[in-house]
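K.L.:
Pasting my_file-v4.pdb here (PDB, C-alpha atoms and all ligand atoms):
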```
ATOM      1  CA  MET H  21       0.000   0.000   0.000
ATOM      2  CA  PRO H  22       1.495   3.377  -0.948
ATOM      3  CA  ASP H  23       2.474   5.722   1.846
ATOM      4  CA  GLU H  24      -0.212   8.400   1.937
ATOM      5  CA  THR H  25       2.266  11.112   2.825
ATOM      6  CA  TYR H  26       3.433  11.003  -0.790
ATOM      7  CA  ALA H  27       0.090  10.571  -2.501
ATOM      8  CA  ASP H  28      -1.312  13.313  -4.740
ATOM      9  CA  PRO H  29      -3.550  15.640  -2.703
ATOM     10  CA  PRO H  30      -7.191  15.751  -3.858
ATOM     11  CA  GLU H  31      -7.527  18.455  -6.528
ATOM     12  CA  ALA H  32      -9.560  20.927  -4.508
ATOM     13  CA  GLU H  33      -7.357  20.616  -1.433
ATOM     14  CA  ALA H  34      -4.142  22.660  -1.288
ATOM     15  CA  PRO H  35      -1.292  21.020   0.634
ATOM     16  CA  GLU H  36      -0.843  22.266   4.195
ATOM     17  CA  PRO H  37       1.701  25.096   4.329
ATOM     18  CA  GLY H  38       5.014  23.490   5.194
ATOM     19  CA  ALA H  39       3.938  20.004   4.142
ATOM     20  CA  PRO H  40       6.779  18.038   2.517
ATOM     21  CA  LEU H  41       6.651  18.264  -1.280
ATOM     22  CA  ALA H  42       5.926  14.820  -2.678
ATOM     23  CA  GLY H  43       7.481  13.004  -5.610
ATOM     24  CA  LEU H  44       9.973  14.912  -7.763
ATOM     25  CA  VAL H  45      10.520  18.575  -6.957
ATOM     26  CA  LEU H  46      12.509  20.922  -9.190
ATOM     27  CA  VAL H  47      14.201  23.464  -6.978
ATOM     28  CA  SER H  48      15.565  26.746  -8.334
ATOM     29  CA  THR H  49      18.733  28.006  -6.677
ATOM     30  CA  PRO H  50      20.581  31.360  -6.805
ATOM     31  CA  ILE H  51      22.385  32.524  -9.959
ATOM     32  CA  GLY H  52      25.110  34.178  -7.927
ATOM     33  CA  ASN H  53      23.653  35.662  -4.778
ATOM     34  CA  LEU H  54      23.005  33.245  -1.940
ATOM     35  CA  GLY H  55      20.446  35.656  -0.502
ATOM     36  CA  ASP H  56      18.126  34.660  -3.354
ATOM     37  CA  ILE H  57      17.497  31.166  -2.008
ATOM     38  CA  ALA H  58      13.787  31.002  -1.189
ATOM     39  CA  PRO H  59      12.544  29.678   2.172
ATOM     40  CA  ARG H  60      10.448  27.111   0.313
ATOM     41  CA  ALA H  61      13.514  26.001  -1.678
ATOM     42  CA  ARG H  62      15.381  25.386   1.564
ATOM     43  CA  GLN H  63      12.390  23.547   2.963
ATOM     44  CA  ALA H  64      12.072  21.321  -0.121
ATOM     45  CA  LEU H  65      15.786  20.501  -0.036
ATOM     46  CA  ALA H  66      15.839  19.818   3.697
ATOM     47  CA  GLY H  67      12.755  17.582   3.411
ATOM     48  CA  ALA H  68      14.057  15.532   0.476
ATOM     49  CA  ASP H  69      15.304  11.955   0.801
ATOM     50  CA  LEU H  70      17.767  12.575  -2.024
ATOM     51  CA  ILE H  71      18.997  15.657  -3.883
ATOM     52  CA  LEU H  72      20.033  15.137  -7.507
ATOM     53  CA  CYS H  73      22.697  17.704  -8.416
ATOM     54  CA  GLU H  74      24.256  18.675 -11.715
ATOM     55  CA  ASP H  75      27.564  18.783  -9.797
ATOM     56  CA  THR H  76      27.496  17.441  -6.236
ATOM     57  CA  ARG H  77      30.628  19.346  -5.180
ATOM     58  CA  HIS H  78      29.230  22.620  -6.486
ATOM     59  CA  SER H  79      25.871  22.111  -4.722
ATOM     60  CA  ALA H  80      27.613  20.982  -1.508
ATOM     61  CA  ARG H  81      28.657  24.611  -0.931
ATOM     62  CA  LEU H  82      25.073  25.855  -1.231
ATOM     63  CA  LEU H  83      23.657  23.044   0.908
ATOM     64  CA  SER H  84      26.229  23.614   3.630
ATOM     65  CA  ALA H  85      25.568  27.381   3.576
ATOM     66  CA  ILE H  86      21.837  26.823   4.129
ATOM     67  CA  GLY H  87      22.349  24.049   6.688
ATOM     68  CA  VAL H  88      20.956  21.169   4.650
ATOM     69  CA  SER H  89      22.614  17.769   4.987
ATOM     70  CA  VAL H  90      20.765  15.402   2.710
ATOM     71  CA  ARG H  91      22.295  12.687   0.517
ATOM     72  CA  THR H  92      23.241  13.980  -2.933
ATOM     73  CA  GLU H  93      23.848  12.142  -6.208
ATOM     74  CA  PRO H  94      24.923  13.480  -9.592
ATOM     75  CA  LEU H  95      22.498  13.912 -12.464
ATOM     76  CA  HIS H  96      24.175  15.596 -15.390
ATOM     77  CA  GLU H  97      24.037  15.699 -19.155
ATOM     78  CA  TYR H  98      26.180  12.564 -19.490
ATOM     79  CA  ASN H  99      24.473  10.234 -16.966
ATOM     80  CA  GLU H 100      20.865  11.452 -17.081
ATOM     81  CA  ASP H 101      19.633   8.572 -19.265
ATOM     82  CA  GLN H 102      21.167   5.951 -16.943
ATOM     83  CA  ARG H 103      19.827   7.677 -13.826
ATOM     84  CA  ILE H 104      16.191   7.710 -14.946
ATOM     85  CA  ALA H 105      15.286   4.077 -14.110
ATOM     86  CA  PRO H 106      16.762   4.124 -10.572
ATOM     87  CA  VAL H 107      15.174   7.499  -9.834
ATOM     88  CA  LEU H 108      11.766   6.287 -11.044
ATOM     89  CA  GLY H 109      12.267   3.234  -8.779
ATOM     90  CA  MET H 110      12.800   5.533  -5.792
ATOM     91  CA  LEU H 111       9.731   7.607  -6.679
ATOM     92  CA  ARG H 112       7.747   4.364  -6.885
ATOM     93  CA  ALA H 113       8.942   3.551  -3.364
ATOM     94  CA  GLY H 114       7.507   6.888  -2.173
ATOM     95  CA  ARG H 115      10.785   8.787  -1.837
ATOM     96  CA  ARG H 116      10.910  12.580  -2.119
ATOM     97  CA  ILE H 117      13.526  13.577  -4.659
ATOM     98  CA  ALA H 118      14.736  17.111  -5.287
ATOM     99  CA  LEU H 119      16.555  18.186  -8.441
ATOM    100  CA  VAL H 120      18.878  21.188  -8.562
ATOM    101  CA  SER H 121      21.317  22.453 -11.164
ATOM    102  CA  ASP H 122      24.485  24.458 -10.572
ATOM    103  CA  ALA H 123      22.504  27.691 -10.699
ATOM    104  CA  GLY H 124      19.050  29.017 -11.451
ATOM    105  CA  THR H 125      16.103  27.006 -12.659
ATOM    106  CA  PRO H 126      16.859  23.354 -13.408
ATOM    107  CA  LEU H 127      16.161  22.158 -16.982
ATOM    108  CA  VAL H 128      16.638  25.651 -18.457
ATOM    109  CA  SER H 129      19.938  25.156 -20.344
ATOM    110  CA  ASP H 130      20.527  22.504 -17.685
ATOM    111  CA  PRO H 131      19.895  18.774 -17.201
ATOM    112  CA  GLY H 132      16.601  17.285 -15.999
ATOM    113  CA  TYR H 133      14.220  17.449 -18.956
ATOM    114  CA  ARG H 134      14.503  13.746 -19.811
ATOM    115  CA  LEU H 135      13.927  12.770 -16.177
ATOM    116  CA  VAL H 136      10.896  15.049 -15.895
ATOM    117  CA  ARG H 137       9.427  13.668 -19.109
ATOM    118  CA  ALA H 138       9.900  10.086 -17.845
ATOM    119  CA  ALA H 139       8.390  10.912 -14.430
ATOM    120  CA  ILE H 140       5.366  12.542 -16.085
ATOM    121  CA  ALA H 141       4.897   9.496 -18.341
ATOM    122  CA  GLU H 142       4.817   7.283 -15.229
ATOM    123  CA  GLY H 143       2.317   9.568 -13.507
ATOM    124  CA  PHE H 144       4.502  10.621 -10.553
ATOM    125  CA  PRO H 145       3.707  13.903  -8.815
ATOM    126  CA  ILE H 146       6.022  16.695  -9.919
ATOM    127  CA  SER H 147       6.281  20.115  -8.394
ATOM    128  CA  ALA H 148       8.696  23.012  -8.559
ATOM    129  CA  VAL H 149       9.963  25.738  -6.309
ATOM    130  CA  PRO H 150      10.348  28.688  -8.688
ATOM    131  CA  GLY H 151      13.192  31.127  -8.355
ATOM    132  CA  PRO H 152      16.131  32.770 -10.090
ATOM    133  CA  ASN H 153      16.565  32.516 -13.847
ATOM    134  CA  ALA H 154      19.238  34.485 -15.703
ATOM    135  CA  ALA H 155      17.279  34.836 -18.965
ATOM    136  CA  VAL H 156      14.159  36.299 -17.355
ATOM    137  CA  MET H 157      16.126  38.607 -15.056
ATOM    138  CA  ALA H 158      18.155  39.864 -18.049
ATOM    139  CA  LEU H 159      14.947  40.331 -20.042
ATOM    140  CA  VAL H 160      13.243  42.502 -17.434
ATOM    141  CA  LEU H 161      16.371  44.634 -16.986
ATOM    142  CA  SER H 162      17.113  44.991 -20.708
ATOM    143  CA  GLY H 163      14.543  47.649 -21.582
ATOM    144  CA  LEU H 164      13.579  45.489 -24.580
ATOM    145  CA  PRO H 165       9.980  44.338 -25.163
ATOM    146  CA  PRO H 166       9.298  41.623 -22.569
ATOM    147  CA  GLN H 167       6.943  39.644 -24.750
ATOM    148  CA  PRO H 168       6.978  37.767 -26.898
ATOM    149  CA  PHE H 169      10.475  36.554 -26.135
ATOM    150  CA  LEU H 170      12.376  33.605 -27.516
ATOM    151  CA  PHE H 171      15.004  31.946 -25.340
ATOM    152  CA  LEU H 172      17.595  30.108 -27.416
ATOM    153  CA  GLY H 173      20.124  28.714 -24.905
ATOM    154  CA  PHE H 174      23.765  29.003 -26.038
ATOM    155  CA  PRO H 175      24.505  29.885 -29.693
ATOM    156  CA  PRO H 176      26.559  27.236 -31.530
ATOM    157  CA  PRO H 177      30.199  27.673 -30.479
ATOM    158  CA  ARG H 178      31.624  27.317 -34.003
ATOM    159  CA  SER H 179      31.433  30.353 -36.188
ATOM    160  CA  ALA H 180      29.946  28.702 -39.316
ATOM    161  CA  ALA H 181      27.155  26.997 -37.362
ATOM    162  CA  ARG H 182      26.509  30.175 -35.374
ATOM    163  CA  ARG H 183      26.171  32.298 -38.501
ATOM    164  CA  ALA H 184      23.865  29.697 -40.027
ATOM    165  CA  ALA H 185      21.708  29.719 -36.874
ATOM    166  CA  PHE H 186      21.476  33.515 -36.921
ATOM    167  CA  GLY H 187      20.636  33.397 -40.658
ATOM    168  CA  THR H 188      17.755  31.002 -39.956
ATOM    169  CA  LEU H 189      16.404  33.309 -37.266
ATOM    170  CA  ARG H 190      16.724  36.299 -39.538
ATOM    171  CA  ALA H 191      14.765  34.448 -42.235
ATOM    172  CA  ALA H 192      12.122  33.574 -39.631
ATOM    173  CA  GLU H 193      11.908  37.272 -38.775
ATOM    174  CA  ARG H 194      11.418  38.137 -42.410
ATOM    175  CA  ALA H 195       8.625  35.585 -42.426
ATOM    176  CA  GLY H 196       6.891  37.150 -39.442
ATOM    177  CA  LEU H 197       8.737  36.241 -36.226
ATOM    178  CA  THR H 198       8.900  39.272 -34.002
ATOM    179  CA  ALA H 199      10.284  38.623 -30.533
ATOM    180  CA  THR H 200      13.039  39.671 -28.171
ATOM    181  CA  LEU H 201      15.761  37.039 -28.585
ATOM    182  CA  ILE H 202      17.754  35.773 -25.586
ATOM    183  CA  TRP H 203      20.958  33.704 -25.475
ATOM    184  CA  HIS H 204      23.507  32.625 -22.912
ATOM    185  CA  GLU H 205      27.093  33.168 -23.988
ATOM    186  CA  ALA H 206      30.541  32.405 -22.601
ATOM    187  CA  PRO H 207      32.729  35.486 -21.949
ATOM    188  CA  HIS H 208      35.538  34.372 -24.276
ATOM    189  CA  ARG H 209      33.106  34.067 -27.186
ATOM    190  CA  LEU H 210      31.076  37.226 -26.543
ATOM    191  CA  ALA H 211      32.973  39.543 -28.923
ATOM    192  CA  GLU H 212      32.824  37.202 -31.926
ATOM    193  CA  THR H 213      29.190  36.303 -31.240
ATOM    194  CA  LEU H 214      28.195  39.980 -31.053
ATOM    195  CA  ALA H 215      30.073  40.633 -34.319
ATOM    196  CA  ASP H 216      28.162  37.785 -36.004
ATOM    197  CA  MET H 217      24.907  39.093 -34.526
ATOM    198  CA  ALA H 218      25.587  42.612 -35.811
ATOM    199  CA  THR H 219      26.215  41.174 -39.282
ATOM    200  CA  ALA H 220      23.061  39.071 -39.259
ATOM    201  CA  PHE H 221      20.622  41.404 -37.468
ATOM    202  CA  GLY H 222      22.030  44.855 -38.224
ATOM    203  CA  PRO H 223      22.274  47.815 -35.820
ATOM    204  CA  ARG H 224      19.339  46.707 -33.723
ATOM    205  CA  ALA H 225      18.631  47.539 -30.037
ATOM    206  CA  ALA H 226      20.301  44.945 -27.822
ATOM    207  CA  ALA H 227      21.664  44.384 -24.313
ATOM    208  CA  VAL H 228      24.409  42.416 -22.579
ATOM    209  CA  ALA H 229      23.589  41.418 -18.997
ATOM    210  CA  ARG H 230      26.598  40.357 -16.956
ATOM    211  CA  GLU H 231      27.081  38.929 -13.486
ATOM    212  CA  LEU H 232      23.434  39.391 -12.508
ATOM    213  CA  THR H 233      22.756  39.431  -8.735
ATOM    214  CA  LYS H 234      26.537  39.594  -8.083
ATOM    215  CA  HIS H 235      28.938  42.316  -7.011
ATOM    216  CA  PHE H 236      29.822  43.360 -10.579
ATOM    217  CA  GLU H 237      26.295  43.207 -11.982
ATOM    218  CA  GLU H 238      26.040  45.244 -15.188
ATOM    219  CA  VAL H 239      23.527  45.660 -18.005
ATOM    220  CA  ARG H 240      24.986  47.367 -21.071
ATOM    221  CA  ARG H 241      22.385  48.560 -23.563
ATOM    222  CA  GLY H 242      22.970  49.832 -27.100
ATOM    223  CA  THR H 243      22.810  48.830 -30.723
ATOM    224  CA  LEU H 244      24.357  45.509 -31.678
ATOM    225  CA  THR H 245      26.994  47.433 -33.621
ATOM    226  CA  ASP H 246      27.938  49.494 -30.535
ATOM    227  CA  LEU H 247      27.999  46.458 -28.270
ATOM    228  CA  ALA H 248      30.110  44.471 -30.748
ATOM    229  CA  ALA H 249      32.579  47.383 -30.957
ATOM    230  CA  HIS H 250      32.702  47.742 -27.155
ATOM    231  CA  TYR H 251      33.403  44.074 -26.448
ATOM    232  CA  ALA H 252      35.941  43.884 -29.298
ATOM    233  CA  GLU H 253      37.943  46.412 -27.240
ATOM    234  CA  HIS H 254      37.085  45.294 -23.693
ATOM    235  CA  ALA H 255      37.283  41.586 -22.900
ATOM    236  CA  ALA H 256      34.168  40.477 -21.048
ATOM    237  CA  ARG H 257      34.304  38.589 -17.779
ATOM    238  CA  GLY H 258      31.832  36.543 -15.779
ATOM    239  CA  GLU H 259      28.464  35.118 -16.672
ATOM    240  CA  ILE H 260      26.682  36.657 -19.609
ATOM    241  CA  THR H 261      23.232  36.779 -21.169
ATOM    242  CA  VAL H 262      22.735  38.538 -24.535
ATOM    243  CA  LEU H 263      19.441  39.974 -25.774
ATOM    244  CA  ILE H 264      18.360  41.400 -29.127
ATOM    245  CA  GLY H 265      15.182  43.407 -29.583
ATOM    246  CA  PRO H 266      12.578  42.502 -32.214
ATOM    247  CA  PRO H 267      13.023  43.654 -35.820
ATOM    248  CA  GLU H 268      11.938  47.112 -36.850
ATOM    249  CA  GLN H 269       8.643  47.354 -38.650
ATOM    250  CA  GLU H 270      10.330  47.934 -42.055
ATOM    251  CA  ASP H 271      11.992  44.508 -41.974
ATOM    252  CA  GLN H 272       8.594  42.972 -41.618
ATOM    253  CA  GLU H 273       6.935  45.200 -44.175
ATOM    254  CA  ASP H 274       9.551  44.280 -46.703
ATOM    255  CA  LEU H 275       8.273  40.704 -46.904
ATOM    256  CA  ASP H 276       4.653  41.529 -46.126
ATOM    257  CA  GLY H 277       4.594  44.152 -48.892
ATOM    258  CA  GLN H 278       5.882  41.694 -51.470
ATOM    259  CA  LEU H 279       3.439  39.039 -50.294
ATOM    260  CA  THR H 280       0.485  41.452 -50.343
ATOM    261  CA  ARG H 281       1.217  42.276 -53.964
ATOM    262  CA  ALA H 282       1.682  38.635 -54.926
ATOM    263  CA  LEU H 283      -1.431  37.517 -53.038
ATOM    264  CA  ALA H 284      -3.562  40.014 -54.952
ATOM    265  CA  THR H 285      -3.154  37.940 -58.100
ATOM    266  CA  HIS H 286      -1.916  34.521 -56.974
ATOM    267  CA  SER H 287      -2.938  31.672 -54.704
ATOM    268  CA  VAL H 288      -1.164  31.478 -51.326
ATOM    269  CA  LYS H 289       1.001  28.643 -52.644
ATOM    270  CA  ASP H 290       2.023  30.446 -55.833
ATOM    271  CA  ALA H 291       2.553  33.762 -54.035
ATOM    272  CA  ALA H 292       4.840  32.021 -51.522
ATOM    273  CA  ALA H 293       6.803  30.386 -54.341
ATOM    274  CA  LEU H 294       7.218  33.705 -56.178
ATOM    275  CA  VAL H 295       8.287  35.687 -53.106
ATOM    276  CA  SER H 296      10.566  32.887 -51.931
ATOM    277  CA  ALA H 297      12.325  32.955 -55.319
ATOM    278  CA  ALA H 298      12.535  36.754 -55.272
ATOM    279  CA  THR H 299      13.877  37.091 -51.728
ATOM    280  CA  GLY H 300      15.902  33.909 -51.372
ATOM    281  CA  LEU H 301      13.952  33.139 -48.180
ATOM    282  CA  PRO H 302      13.049  29.490 -47.502
ATOM    283  CA  ARG H 303       9.749  28.641 -49.201
ATOM    284  CA  LYS H 304       8.329  27.041 -46.034
ATOM    285  CA  LEU H 305       8.818  30.254 -44.054
ATOM    286  CA  VAL H 306       7.346  32.461 -46.763
ATOM    287  CA  TYR H 307       4.430  30.064 -47.141
ATOM    288  CA  ALA H 308       3.741  30.205 -43.371
ATOM    289  CA  ARG H 309       3.692  33.998 -43.506
ATOM    290  CA  ALA H 310       1.507  34.006 -46.635
ATOM    291  CA  LEU H 311      -0.934  31.636 -44.918
ATOM    292  CA  ALA H 312      -1.042  33.889 -41.860
ATOM    293  CA  MET H 313      -1.770  36.902 -44.080
ATOM    294  CA  GLY H 314      -4.279  35.055 -46.291
ATOM    295  CA  ARG H 315      -5.537  36.140 -49.724
ATOM    296  CA  PRO H 316      -7.196  39.587 -49.706
ATOM    297  CA  ASP H 317     -10.579  38.118 -50.707
ATOM    298  CA  GLU H 318     -10.308  35.506 -47.931
ATOM    299  CA  THR H 319      -9.804  37.994 -45.135
ATOM    300  CA  GLY H 320     -13.247  39.380 -45.649
TER     301      GLY H 320
HETATM  302  N1  LIG Z   1      19.524  27.283 -15.344
HETATM  303  C1  LIG Z   1      20.172  28.575 -15.371
HETATM  304  C2  LIG Z   1      19.098  29.669 -15.194
HETATM  305  O1  LIG Z   1      17.955  29.341 -14.847
HETATM  306  O2  LIG Z   1      19.421  30.837 -15.340
HETATM  307  C3  LIG Z   1      20.998  28.756 -16.613
HETATM  308  C4  LIG Z   1      22.105  27.732 -16.720
HETATM  309  S1  LIG Z   1      23.188  27.968 -18.079
HETATM  310  C5  LIG Z   1      24.089  26.457 -18.056
HETATM  311  C6  LIG Z   1      24.397  29.048 -17.446
HETATM  312  C7  LIG Z   1      24.489  30.327 -18.277
HETATM  313  O3  LIG Z   1      23.452  31.226 -17.863
HETATM  314  C8  LIG Z   1      25.771  31.096 -18.063
HETATM  315  O4  LIG Z   1      26.811  30.587 -18.885
HETATM  316  C9  LIG Z   1      25.356  32.484 -18.480
HETATM  317  O5  LIG Z   1      25.306  32.594 -19.887
HETATM  318  C10 LIG Z   1      23.913  32.546 -17.930
HETATM  319  N2  LIG Z   1      23.969  33.056 -16.547
HETATM  320  C11 LIG Z   1      23.992  32.335 -15.409
HETATM  321  N3  LIG Z   1      24.095  33.144 -14.343
HETATM  322  C12 LIG Z   1      24.157  34.407 -14.826
HETATM  323  C13 LIG Z   1      24.297  35.679 -14.222
HETATM  324  N4  LIG Z   1      24.427  35.784 -12.903
HETATM  325  N5  LIG Z   1      24.317  36.773 -15.015
HETATM  326  C14 LIG Z   1      24.193  36.657 -16.369
HETATM  327  N6  LIG Z   1      24.074  35.490 -16.985
HETATM  328  C15 LIG Z   1      24.062  34.372 -16.234
END
```
Here is the file; what I need is its structure written in the form of structure tokens.
P.N.:
Amino acid sequence: MPDETYADPPEAEAPEPGAPLAGLVLVSTPIGNLGDIAPRARQALAGADLILCEDTRHSARLLSAIGVSVRTEPLHEYNEDQRIAPVLGMLRAGRRIALVSDAGTPLVSDPGYRLVRAAIAEGFPISAVPGPNAAVMALVLSGLPPQPFLFLGFPPPRSAARRAAFGTLRAAERAGLTATLIWHEAPHRLAETLADMATAFGPRAAAVARELTKHFEEVRRGTLTDLAAHYAEHAARGEITVLIGPPEQEDQEDLDGQLTRALATHSVKDAAALVSAATGLPRKLVYARALAMGRPDETG
């Protein structure tokens, strides 16, 4: 018979404040400032039977600082697949398991997604203690439109792949994507990445958020061209998140204008083929935009 302590609470009934979180709990931890650990995060960690850590030695410092001494085991990119079956076995036995990454919200550019997906498939209760996240903090400090935003993790480290990735995004923008774009980047690659961004996206409003929540916190705002020039001269240090604002209206109108003209006399399919040939943009992307716009007589 399952231990009722770990059973799902009935839907209408909220758990008692302070009750141990059952099943798998994803616990966000600070991105640099220990003061950002939430009381509920501490409680979830202290009440766990096991804490899965991206790096047990790294998390040991946090756990010791907040007075938590619970068994830890590693769960990282390279062992996640092998860890899933034993962890599901422990959840089946009614254990409370917490997952943390080195910093911020687990799963976001961090391990844990495959475990969460497997736990959901098996019907185990999953909860999360929300908290710090570098991308969202950078977004709200950037002065760029907060929504929609598109978080892209790290850009490809190799230049050719990075330029290709930026080219694909730029084509998606021409086909209608309009969002603030967010990436993580390593300090030693920042200058070359910003240069590639300036080439692909032009002199667009952007921001570089560095060392958030730490002593040397800084958010530098400017055009991509200015930021690329600055970091070409001044080597960046610390942890970095890069943001680019959405395209200016003209970029969008460029494609929309051509499609409007083509749609006046052609089917959506033919208009997409014509504009794709004229602009060099992938046909699929142009077709998606043409579909979204519709033929003039179909929009009523
Ligand atoms: N899971 C984390 C989160 O929720 O923010 C992100 C983990 S990702 C592996 C680590 C990257 O996030 C760093 O290389 C850096 O690009 C960005 N980052 C982490 N902490 C940061 C900080 N304090 N300031 C700016 N960027 C940060």
K.L.:
Between H:Gly109, H:Pro145, H:Pro50, H:Pro176, which residue has the minimum interatomic distance to ligand LIG 1 (chain Z), considering all atoms listed in the file?
P.N.:
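Of the candidates, the smallest distance to ligand LIG 1 (chain Z) is held by H:Pro50.
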K.L.:
With ligand LIG 1 (chain Z) as the partner and 7 Å as the cut-off, tabulate the residues of chain H that qualify, each row holding the nearest pair of atoms and their distance in Å to one decimal, using all atoms listed in the file, sorted by chain and rising number, as JSON lines.
P.N.:
```
{"residue": "H:Ile51", "atom": "CA", "partner": "Z:LIG1", "partner_atom": "N3", "distance": 4.7}
{"residue": "H:Gly52", "atom": "CA", "partner": "Z:LIG1", "partner_atom": "N4", "distance": 5.3}
{"residue": "H:Ser121", "atom": "CA", "partner": "Z:LIG1", "partner_atom": "N1", "distance": 6.6}
{"residue": "H:Ala123", "atom": "CA", "partner": "Z:LIG1", "partner_atom": "C1", "distance": 5.3}
{"residue": "H:Gly124", "atom": "CA", "partner": "Z:LIG1", "partner_atom": "O1", "distance": 3.6}
{"residue": "H:Thr125", "atom": "CA", "partner": "Z:LIG1", "partner_atom": "O1", "distance": 3.7}
{"residue": "H:Pro126", "atom": "CA", "partner": "Z:LIG1", "partner_atom": "N1", "distance": 5.1}
{"residue": "H:Leu127", "atom": "CA", "partner": "Z:LIG1", "partner_atom": "N1", "distance": 6.3}
{"residue": "H:Val128", "atom": "CA", "partner": "Z:LIG1", "partner_atom": "N1", "distance": 4.5}
{"residue": "H:Ser129", "atom": "CA", "partner": "Z:LIG1", "partner_atom": "S1", "distance": 4.9}
{"residue": "H:Asp130", "atom": "CA", "partner": "Z:LIG1", "partner_atom": "C5", "distance": 5.3}
{"residue": "H:Pro152", "atom": "CA", "partner": "Z:LIG1", "partner_atom": "O1", "distance": 6.1}
{"residue": "H:Asn153", "atom": "CA", "partner": "Z:LIG1", "partner_atom": "O1", "distance": 3.6}
{"residue": "H:Ala154", "atom": "CA", "partner": "Z:LIG1", "partner_atom": "O2", "distance": 3.7}
{"residue": "H:Ala155", "atom": "CA", "partner": "Z:LIG1", "partner_atom": "O2", "distance": 5.8}
{"residue": "H:His204", "atom": "CA", "partner": "Z:LIG1", "partner_atom": "O5", "distance": 3.5}
{"residue": "H:Glu205", "atom": "CA", "partner": "Z:LIG1", "partner_atom": "O5", "distance": 4.5}
{"residue": "H:Ala206", "atom": "CA", "partner": "Z:LIG1", "partner_atom": "O4", "distance": 5.6}
{"residue": "H:Ala229", "atom": "CA", "partner": "Z:LIG1", "partner_atom": "C14", "distance": 5.5}
{"residue": "H:Arg230", "atom": "CA", "partner": "Z:LIG1", "partner_atom": "C14", "distance": 4.5}
{"residue": "H:Glu231", "atom": "CA", "partner": "Z:LIG1", "partner_atom": "N5", "distance": 3.8}
{"residue": "H:Leu232", "atom": "CA", "partner": "Z:LIG1", "partner_atom": "N5", "distance": 3.7}
{"residue": "H:Thr233", "atom": "CA", "partner": "Z:LIG1", "partner_atom": "N4", "distance": 5.8}
{"residue": "H:Lys234", "atom": "CA", "partner": "Z:LIG1", "partner_atom": "N4", "distance": 6.5}
{"residue": "H:Glu259", "atom": "CA", "partner": "Z:LIG1", "partner_atom": "N6", "distance": 4.4}
{"residue": "H:Ile260", "atom": "CA", "partner": "Z:LIG1", "partner_atom": "N6", "distance": 3.9}
{"residue": "H:Thr261", "atom": "CA", "partner": "Z:LIG1", "partner_atom": "N6", "distance": 4.5}
```
K.L.:
Output the residue selection produced by the PyMOL selection byres (((chain H and resi 161) around 10) and not hetatm) on the file above, formatted as a short mmCIF file (atom, residue, chain, number, x, y, z; two decimals) with C-alpha atoms, keeping the file's coordinate frame.
P.N.:
```
data_model
loop_
_atom_site.label_atom_id
_atom_site.label_comp_id
_atom_site.auth_asym_id
_atom_site.auth_seq_id
_atom_site.Cartn_x
_atom_site.Cartn_y
_atom_site.Cartn_z
CA VAL H 156 14.16 36.30 -17.36
CA MET H 157 16.13 38.61 -15.06
CA ALA H 158 18.16 39.86 -18.05
CA LEU H 159 14.95 40.33 -20.04
CA VAL H 160 13.24 42.50 -17.43
CA SER H 162 17.11 44.99 -20.71
CA GLY H 163 14.54 47.65 -21.58
CA LEU H 164 13.58 45.49 -24.58
CA PRO H 166 9.30 41.62 -22.57
CA ALA H 227 21.66 44.38 -24.31
CA ALA H 229 23.59 41.42 -19.00
CA LEU H 232 23.43 39.39 -12.51
CA GLU H 238 26.04 45.24 -15.19
CA VAL H 239 23.53 45.66 -18.00
CA ARG H 240 24.99 47.37 -21.07
CA ARG H 241 22.38 48.56 -23.56
#
```
K.L.:
What does the distance from atom CA of H:Ala181 to atom CA of H:Phe221 come to in Å, to one decimal?
P.N.:
15.8 Å
K.L.:
Using Å and a single decimal, report how far atom CA of H:Leu172 sits from atom CA of H:Leu44.
P.N.:
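Those two atoms sit 26.0 Å apart.
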K.L.:
So how many Å separate atom CA of H:Pro94 and atom CA of H:Trp203, to one decimal?
P.N.:
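Atom CA of H:Trp203 lies at a distance of 26.0 Å from atom CA of H:Pro94.
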K.L.:
I would like the residues chosen by the PyMOL selection byres (((chain H and resi 312) around 12) and not hetatm) on the shown file; could you give them as a PDB file with C-alpha atoms, keeping the file's coordinate frame?
P.N.:
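New file expr-v5.pdb:
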```pdb
ATOM      1  CA  ALA H 195       8.625  35.585 -42.426  1.00  0.00           C
ATOM      2  CA  GLY H 196       6.891  37.150 -39.442  1.00  0.00           C
ATOM      3  CA  LEU H 197       8.737  36.241 -36.226  1.00  0.00           C
ATOM      4  CA  ASP H 276       4.653  41.529 -46.126  1.00  0.00           C
ATOM      5  CA  LEU H 279       3.439  39.039 -50.294  1.00  0.00           C
ATOM      6  CA  THR H 280       0.485  41.452 -50.343  1.00  0.00           C
ATOM      7  CA  LEU H 283      -1.431  37.517 -53.038  1.00  0.00           C
ATOM      8  CA  VAL H 288      -1.164  31.478 -51.326  1.00  0.00           C
ATOM      9  CA  ALA H 292       4.840  32.021 -51.522  1.00  0.00           C
ATOM     10  CA  LEU H 305       8.818  30.254 -44.054  1.00  0.00           C
ATOM     11  CA  VAL H 306       7.346  32.461 -46.763  1.00  0.00           C
ATOM     12  CA  TYR H 307       4.430  30.064 -47.141  1.00  0.00           C
ATOM     13  CA  ALA H 308       3.741  30.205 -43.371  1.00  0.00           C
ATOM     14  CA  ARG H 309       3.692  33.998 -43.506  1.00  0.00           C
ATOM     15  CA  ALA H 310       1.507  34.006 -46.635  1.00  0.00           C
ATOM     16  CA  LEU H 311      -0.934  31.636 -44.918  1.00  0.00           C
ATOM     17  CA  MET H 313      -1.770  36.902 -44.080  1.00  0.00           C
ATOM     18  CA  GLY H 314      -4.279  35.055 -46.291  1.00  0.00           C
ATOM     19  CA  ARG H 315      -5.537  36.140 -49.724  1.00  0.00           C
ATOM     20  CA  PRO H 316      -7.196  39.587 -49.706  1.00  0.00           C
ATOM     21  CA  GLU H 318     -10.308  35.506 -47.931  1.00  0.00           C
ATOM     22  CA  THR H 319      -9.804  37.994 -45.135  1.00  0.00           C
TER      23      THR H 319
END
```
